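Report on the following structure.
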Amino acid sequence: MKEFKFVNAKTVQEAVDVLAELGDKCKLVAGGTDAMLMIRDGKWNDLTLVNIRDIEELRGIKLEGDTVTVGALTRLSDIESSDILKEHAPCLWGAAQFFADPTNRHSATIGGNVGRCNTVGDTLPSLLCLDAVVTIVNKDGEREVPMSEMLLGPGRTACGPNEMIAKFTFKSQPHSAYMKYGRRRSMALSMAGSAVSIEVDDKGIVKWCRIGVGNAGPKAARAYKAEEAMVGVDLNSDKALEETMYKVIQEDISPRKKPRLSNWISGEYRRELIPVLTKRAARKAAFGECMLCKQEEA
Amino acid sequence: MSMHEITLIVNGKPQKLTVKSNELLLNVLRDKLFLTGAKYGCGIAECGACTVLKGDRSVMSCLVPAVAADGWEITTPEGLVVDGELNAVQEELVNKAAIQCGFCTPGMAMAGTACVRENPDADEDFVRDYMRGNYCRCTGYQAIVQAILAACEDAKNGKRV
Ligand SMILES: Cc1cc2nc3c(=O)[nH]c(=O)nc-3n(C[C@H](O)[C@H](O)[C@H](O)COP(=O)(O)OP(=O)(O)OC[C@H]3O[C@@H](n4cnc5c(N)ncnc54)[C@H](O)[C@@H]3O)c2cc1C
Ligand code: FES
Ligand code: FES
């Protein structure tokens, strides 16, 4: 194994003290499922790892009124088995079901998924569509960053080198869902993913929605144009969706006609895939399940 | 590099160790404690051969620096054996002939044990999904899945898992 120094931080205070002292000479490690690979691959060199894995105060899922809080060190397996999230943020709950495998889910954390800021990160589209607020801590206190401003680019977030993500907060959104397309069911990173939080009237006309897409570009992002285009559209109608959301979500993804091949998927394929996943996620979010997907899966 | 004093509770026994910051839990278990049940397969959390239990939860020990495991209660495949008796999952792996070359078997026993402990009412879908991080290049999985389902029944009949 490549060399590194190591500090075991047992409390948030200990962790932020080390971060303040070492800054970009150190890196946080939570579940280690990305971090250890960065070291293996020689992408992180001569660093001190600051281990936060066992800081219990950053773990847990809480519901207060209609506000849900998820600690940064909450593991994907905790998310997967959370009744609170199943009811109040089914998109995030669903993302955990699609994530790696149960053993890796016992280690991988949501804070690490955001900290890594990989465009394929499975929790990112859901956190975006939930409009989550990220609480970041440093030696001097806390600050809040909306998820829409958190992800800056591949591997880059608004969380500075002397800071740490503490928790995610969002409003209960029972009508939300995530759809992931991977090469196979098991142990496959997303080829594309879409998460939708939505409200429809009793006829299925969209009142508002928020959409987060993954692996559509260099970073997971909101699809703002598609969100606007969906308002007033009949969610039951394929034709209506094709004429509105399908057209503009391409612009959200990439203005280029021929986007680059990345993450095992050609730009052309991705452009076809994302609108379909978004339609399915929207229907699943609004109606509980997507009847059409059921047929297509069968 | 830095050196660290740690205590691991391995198969019920506290072990005081001095480890280098970059030593992996898997290598410490194998090379310092001579518990060679857990295997080094891929080293990147893809194959499951290195699976051990932290409490009742399966983790892949190839991605854990040993120093990060300070204070953990760890069970290795050896620890599933009590007084010379295999646990239900190990025994059913033998009964169902779910072992060919055997390289994946310790990892299967660990993840299978985590699976049965978490949900003794598991059906085939649950087991297949639970075990999806553990690769076997020989058996074709069928017998392994049958063994874990049988261990679920054993567990409900009071056998130790
Ligand atoms: C076999 C395998 C399969 C995988 N499958 C998937 C998959 O299906 N979907 C998916 O999305 N990902 C997958 N991953 C990637 C990885 O598991 C996830 O990104 C995971 O969420 C990372 O969490 P962690 O706790 O292990 O993070 P770590 O590896 O500990 O850290 C990841 C990054 O985040 C930073 N970080 C960690 N915690 C914080 C914090 N609190 N504040 C600020 N920065 C922080 C670290 O410094 C590091 O840069 C897979 C990885 C492996 C090895
Ligand atoms: S050696 Fe750890 S998963 Fe393969
Ligand atoms: S028995 Fe050979 S890899 Fe499973």
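Here's how to read the names in the structure tokens: chain A, B, ... by the order shown, residue numbers from 1 in each chain, ligand numbers from 1 in the order shown.
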Would you list the residues that come within 10 Å of ligand 3? Count only C-alpha atoms and all ligand atoms and give the answer as a VMD selection string. chain B and resid 41 47 49 97 to 108 134 to 141 144
Sel. of strand (DSSP E or B) residues, stretch 71-135 of chain B, as a ChimeraX atom specification: /B:73-75,82,85
Do a neighbour search on stretch 210-225 of chain A at 9 Å with only C-alpha atoms, toss out local chain neighbours closer than 6 positions, and write the hits as a ChimeraX atom specification. /A:117-122,124-131,148,151-155,180,190-198,245,248-249,251-254,259,262-263,267,270-271,274,278,282
Selected residues written out, C-alpha atoms, as a PDB file, in the first residue's frame:
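As written to disk, part_30.pdb reads:
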ATOM      1  CA  CYS A 117     -18.514  14.444  -6.268  1.00  0.00           C
ATOM      2  CA  ASN A 118     -18.405  11.856  -9.003  1.00  0.00           C
ATOM      3  CA  THR A 119     -21.030  12.538 -11.668  1.00  0.00           C
ATOM      4  CA  VAL A 120     -22.220   8.929 -11.289  1.00  0.00           C
ATOM      5  CA  GLY A 121     -22.713   9.259  -7.489  1.00  0.00           C
ATOM      6  CA  ASP A 122     -26.092   7.673  -6.814  1.00  0.00           C
ATOM      7  CA  LEU A 124     -26.490  13.194  -5.849  1.00  0.00           C
ATOM      8  CA  PRO A 125     -29.515  13.406  -8.188  1.00  0.00           C
ATOM      9  CA  SER A 126     -31.818  12.736  -5.229  1.00  0.00           C
ATOM     10  CA  LEU A 127     -30.179  15.326  -2.961  1.00  0.00           C
ATOM     11  CA  LEU A 128     -30.501  17.800  -5.868  1.00  0.00           C
ATOM     12  CA  CYS A 129     -34.180  17.121  -6.538  1.00  0.00           C
ATOM     13  CA  LEU A 130     -34.924  17.266  -2.791  1.00  0.00           C
ATOM     14  CA  ASP A 131     -33.298  20.726  -2.782  1.00  0.00           C
ATOM     15  CA  SER A 148     -27.661  23.362  -6.157  1.00  0.00           C
ATOM     16  CA  LEU A 151     -21.204  20.461  -6.690  1.00  0.00           C
ATOM     17  CA  LEU A 152     -18.571  22.424  -8.606  1.00  0.00           C
ATOM     18  CA  GLY A 153     -17.063  19.839 -10.946  1.00  0.00           C
ATOM     19  CA  PRO A 154     -15.531  16.362 -10.975  1.00  0.00           C
ATOM     20  CA  GLY A 155     -14.178  15.798  -7.455  1.00  0.00           C
ATOM     21  CA  LYS A 180     -30.791   4.477 -12.401  1.00  0.00           C
ATOM     22  CA  SER A 190     -24.790   4.467 -13.115  1.00  0.00           C
ATOM     23  CA  MET A 191     -24.714   4.962 -16.889  1.00  0.00           C
ATOM     24  CA  ALA A 192     -27.307   7.620 -16.251  1.00  0.00           C
ATOM     25  CA  GLY A 193     -29.643   8.456 -13.407  1.00  0.00           C
ATOM     26  CA  SER A 194     -32.531  10.800 -12.827  1.00  0.00           C
ATOM     27  CA  ALA A 195     -34.332  11.825  -9.650  1.00  0.00           C
ATOM     28  CA  VAL A 196     -37.590  13.747  -9.607  1.00  0.00           C
ATOM     29  CA  SER A 197     -39.596  15.419  -6.855  1.00  0.00           C
ATOM     30  CA  ILE A 198     -43.007  16.410  -8.143  1.00  0.00           C
ATOM     31  CA  MET A 245     -39.424  17.923 -21.430  1.00  0.00           C
ATOM     32  CA  VAL A 248     -35.297  20.843 -23.493  1.00  0.00           C
ATOM     33  CA  ILE A 249     -33.637  18.366 -21.150  1.00  0.00           C
ATOM     34  CA  GLU A 251     -30.055  21.483 -23.401  1.00  0.00           C
ATOM     35  CA  ASP A 252     -29.803  20.931 -19.658  1.00  0.00           C
ATOM     36  CA  ILE A 253     -27.523  17.956 -20.238  1.00  0.00           C
ATOM     37  CA  SER A 254     -25.216  19.510 -22.771  1.00  0.00           C
ATOM     38  CA  PRO A 259     -21.267  15.222 -26.365  1.00  0.00           C
ATOM     39  CA  SER A 262     -17.644   9.281 -20.884  1.00  0.00           C
ATOM     40  CA  ASN A 263     -18.192   6.749 -18.140  1.00  0.00           C
ATOM     41  CA  GLY A 267     -23.116  11.046 -25.575  1.00  0.00           C
ATOM     42  CA  ARG A 270     -27.089   9.347 -22.906  1.00  0.00           C
ATOM     43  CA  ARG A 271     -29.197  11.942 -24.696  1.00  0.00           C
ATOM     44  CA  ILE A 274     -31.952  10.688 -19.693  1.00  0.00           C
ATOM     45  CA  THR A 278     -36.734  11.256 -16.129  1.00  0.00           C
ATOM     46  CA  ALA A 282     -41.549  11.458 -12.604  1.00  0.00           C
TER      47      ALA A 282
END
Quick one: DSSP helix (DSSP H, G or I) residues in stretch 32-86 of chain B, as a list in words? Lys32, Ser61, Cys62, Leu63, Ala66, Val67, Ala68, Ala69, Pro77, Glu78, Gly79 and Leu80 of chain B
Now that the selection is made, can you save its residues with N, CA and C atoms as a PDB file, in the first residue's frame?
ATOM      1  N   LYS B  32      -0.244 -10.734  10.740  1.00  0.00           N
ATOM      2  CA  LYS B  32       0.164 -10.534  12.131  1.00  0.00           C
ATOM      3  C   LYS B  32      -0.580 -11.475  13.057  1.00  0.00           C
ATOM      4  N   SER B  61     -12.452  -5.990   4.146  1.00  0.00           N
ATOM      5  CA  SER B  61     -11.295  -5.569   4.938  1.00  0.00           C
ATOM      6  C   SER B  61     -10.143  -5.075   4.076  1.00  0.00           C
ATOM      7  N   CYS B  62     -10.250  -5.203   2.753  1.00  0.00           N
ATOM      8  CA  CYS B  62      -9.174  -4.727   1.880  1.00  0.00           C
ATOM      9  C   CYS B  62      -9.209  -3.214   1.726  1.00  0.00           C
ATOM     10  N   LEU B  63     -10.298  -2.555   2.139  1.00  0.00           N
ATOM     11  CA  LEU B  63     -10.346  -1.093   1.997  1.00  0.00           C
ATOM     12  C   LEU B  63     -10.298  -0.392   3.353  1.00  0.00           C
ATOM     13  N   ALA B  66      -5.912  -0.676   8.982  1.00  0.00           N
ATOM     14  CA  ALA B  66      -6.083  -1.332  10.276  1.00  0.00           C
ATOM     15  C   ALA B  66      -6.276  -0.300  11.378  1.00  0.00           C
ATOM     16  N   VAL B  67      -5.580   0.834  11.281  1.00  0.00           N
ATOM     17  CA  VAL B  67      -5.673   1.834  12.331  1.00  0.00           C
ATOM     18  C   VAL B  67      -7.088   2.417  12.426  1.00  0.00           C
ATOM     19  N   ALA B  68      -7.832   2.403  11.302  1.00  0.00           N
ATOM     20  CA  ALA B  68      -9.208   2.894  11.345  1.00  0.00           C
ATOM     21  C   ALA B  68     -10.115   1.921  12.093  1.00  0.00           C
ATOM     22  N   ALA B  69      -9.645   0.684  12.265  1.00  0.00           N
ATOM     23  CA  ALA B  69     -10.474  -0.336  12.922  1.00  0.00           C
ATOM     24  C   ALA B  69     -10.206  -0.399  14.426  1.00  0.00           C
ATOM     25  N   PRO B  77     -13.552 -15.573   9.284  1.00  0.00           N
ATOM     26  CA  PRO B  77     -14.156 -16.894   9.040  1.00  0.00           C
ATOM     27  C   PRO B  77     -13.810 -17.891  10.153  1.00  0.00           C
ATOM     28  N   GLU B  78     -12.597 -17.796  10.707  1.00  0.00           N
ATOM     29  CA  GLU B  78     -12.212 -18.707  11.794  1.00  0.00           C
ATOM     30  C   GLU B  78     -13.139 -18.550  12.991  1.00  0.00           C
ATOM     31  N   GLY B  79     -13.575 -17.298  13.231  1.00  0.00           N
ATOM     32  CA  GLY B  79     -14.380 -17.001  14.408  1.00  0.00           C
ATOM     33  C   GLY B  79     -15.809 -17.532  14.317  1.00  0.00           C
ATOM     34  N   LEU B  80     -16.216 -17.933  13.119  1.00  0.00           N
ATOM     35  CA  LEU B  80     -17.562 -18.514  12.981  1.00  0.00           C
ATOM     36  C   LEU B  80     -17.584 -19.935  13.547  1.00  0.00           C
TER      37      LEU B  80
END
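The interface of chain B with chain A at 6 Å, considering only C-alpha atoms, consists of Met1, Ser2, Ser21, Asn22, Ser58, Val59, Leu63, Tyr130, Arg132 and Gly133 of chain B.
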Enumerate, in order of chain and increasing residue number, the residues of chain B with an atom no farther than 10 Å from ligand 1, each with its shortest atom pair and distance in Å to one decimal, counting only C-alpha atoms and all ligand atoms, as CSV.
residue,atom,partner,partner_atom_place_in_ligand_line,distance
B:Gly43,CA,ligand 1,53 (C),9.4
B:Ile44,CA,ligand 1,53 (C),5.8
B:Ala45,CA,ligand 1,1 (C),4.6
B:Glu46,CA,ligand 1,1 (C),4.4
B:Cys47,CA,ligand 1,1 (C),7.9
B:Gly48,CA,ligand 1,1 (C),9.1
B:Met60,CA,ligand 1,53 (C),9.4
B:Leu63,CA,ligand 1,53 (C),8.1
B:Val64,CA,ligand 1,30 (O),10.0
B:Gly133,CA,ligand 1,1 (C),7.6
Selected residues written out with N, CA and C atoms, as a compact mmCIF listing (two decimals), in the first residue's frame:
# COMPACT_ATOMS: atom_id res chain seq x y z
N GLY B 43 -8.53 -6.47 -3.92
CA GLY B 43 -7.99 -5.30 -3.23
C GLY B 43 -8.76 -4.03 -3.50
N ILE B 44 -9.86 -4.08 -4.23
CA ILE B 44 -10.61 -2.85 -4.53
C ILE B 44 -12.11 -3.02 -4.26
N ALA B 45 -12.44 -3.86 -3.29
CA ALA B 45 -13.84 -4.02 -2.85
C ALA B 45 -14.79 -4.53 -3.93
N GLU B 46 -14.25 -5.24 -4.90
CA GLU B 46 -15.11 -5.72 -5.99
C GLU B 46 -15.48 -7.19 -5.84
N CYS B 47 -14.70 -7.98 -5.09
CA CYS B 47 -14.88 -9.43 -5.17
C CYS B 47 -15.43 -10.08 -3.90
N GLY B 48 -15.22 -9.46 -2.74
CA GLY B 48 -15.79 -9.99 -1.51
C GLY B 48 -14.97 -11.07 -0.81
N MET B 60 -15.67 -5.10 3.77
CA MET B 60 -14.54 -5.62 2.99
C MET B 60 -13.26 -5.08 3.60
N LEU B 63 -10.30 -2.55 2.14
CA LEU B 63 -10.35 -1.09 2.00
C LEU B 63 -10.30 -0.39 3.35
N VAL B 64 -9.95 -1.15 4.41
CA VAL B 64 -9.93 -0.54 5.74
C VAL B 64 -8.49 -0.49 6.24
N GLY B 133 -22.12 -8.72 -4.01
CA GLY B 133 -20.75 -8.23 -4.02
C GLY B 133 -19.72 -9.34 -3.87
Provide the atom CA of B:Gly37 to atom CA of B:Asn11 distance in Å, to one decimal place. 12.2 Å
I'd like the neighbourhood of B:Glu5 as a PDB file with N, CA, C and O atoms, in the first residue's frame, where a residue qualifies if any of its atoms comes within 9 Å (using only C-alpha atoms), though same-chain residues fewer than 2 positions away should be ignored.
ATOM      1  N   MET B   3       3.139   5.451  12.950  1.00  0.00           N
ATOM      2  CA  MET B   3       2.899   4.182  13.651  1.00  0.00           C
ATOM      3  C   MET B   3       1.789   4.393  14.676  1.00  0.00           C
ATOM      4  O   MET B   3       1.656   5.472  15.249  1.00  0.00           O
ATOM      5  N   THR B   7      -6.150  -1.485  19.373  1.00  0.00           N
ATOM      6  CA  THR B   7      -6.704  -2.713  19.935  1.00  0.00           C
ATOM      7  C   THR B   7      -7.839  -3.182  19.031  1.00  0.00           C
ATOM      8  O   THR B   7      -8.775  -2.430  18.766  1.00  0.00           O
ATOM      9  N   LYS B  16      -3.759  -6.372  21.152  1.00  0.00           N
ATOM     10  CA  LYS B  16      -3.041  -5.097  21.092  1.00  0.00           C
ATOM     11  C   LYS B  16      -1.994  -5.209  19.997  1.00  0.00           C
ATOM     12  O   LYS B  16      -1.208  -6.163  19.985  1.00  0.00           O
ATOM     13  N   LEU B  17      -1.984  -4.231  19.101  1.00  0.00           N
ATOM     14  CA  LEU B  17      -1.079  -4.315  17.967  1.00  0.00           C
ATOM     15  C   LEU B  17      -0.450  -2.959  17.691  1.00  0.00           C
ATOM     16  O   LEU B  17      -1.039  -1.918  17.987  1.00  0.00           O
ATOM     17  N   THR B  18       0.751  -2.984  17.127  1.00  0.00           N
ATOM     18  CA  THR B  18       1.345  -1.751  16.609  1.00  0.00           C
ATOM     19  C   THR B  18       1.325  -1.871  15.094  1.00  0.00           C
ATOM     20  O   THR B  18       1.878  -2.836  14.546  1.00  0.00           O
ATOM     21  N   VAL B  19       0.671  -0.915  14.446  1.00  0.00           N
ATOM     22  CA  VAL B  19       0.552  -1.017  12.991  1.00  0.00           C
ATOM     23  C   VAL B  19       1.021   0.269  12.319  1.00  0.00           C
ATOM     24  O   VAL B  19       0.977   1.354  12.904  1.00  0.00           O
ATOM     25  N   VAL B  67      -5.580   0.834  11.281  1.00  0.00           N
ATOM     26  CA  VAL B  67      -5.673   1.834  12.331  1.00  0.00           C
ATOM     27  C   VAL B  67      -7.088   2.417  12.426  1.00  0.00           C
ATOM     28  O   VAL B  67      -7.552   2.802  13.499  1.00  0.00           O
ATOM     29  N   ASP B  70      -9.457   0.568  14.952  1.00  0.00           N
ATOM     30  CA  ASP B  70      -9.158   0.599  16.385  1.00  0.00           C
ATOM     31  C   ASP B  70     -10.450   0.494  17.194  1.00  0.00           C
ATOM     32  O   ASP B  70     -11.370   1.293  17.000  1.00  0.00           O
TER      33      ASP B  70
END
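Near A:Ile110, within 9 Å and counting only C-alpha atoms, sit Val70, Gly71, Ala72, Leu73, Thr74, Arg75, Leu76, Ile79 and Thr123 of chain A; same-chain residues fewer than 6 positions away were not included.
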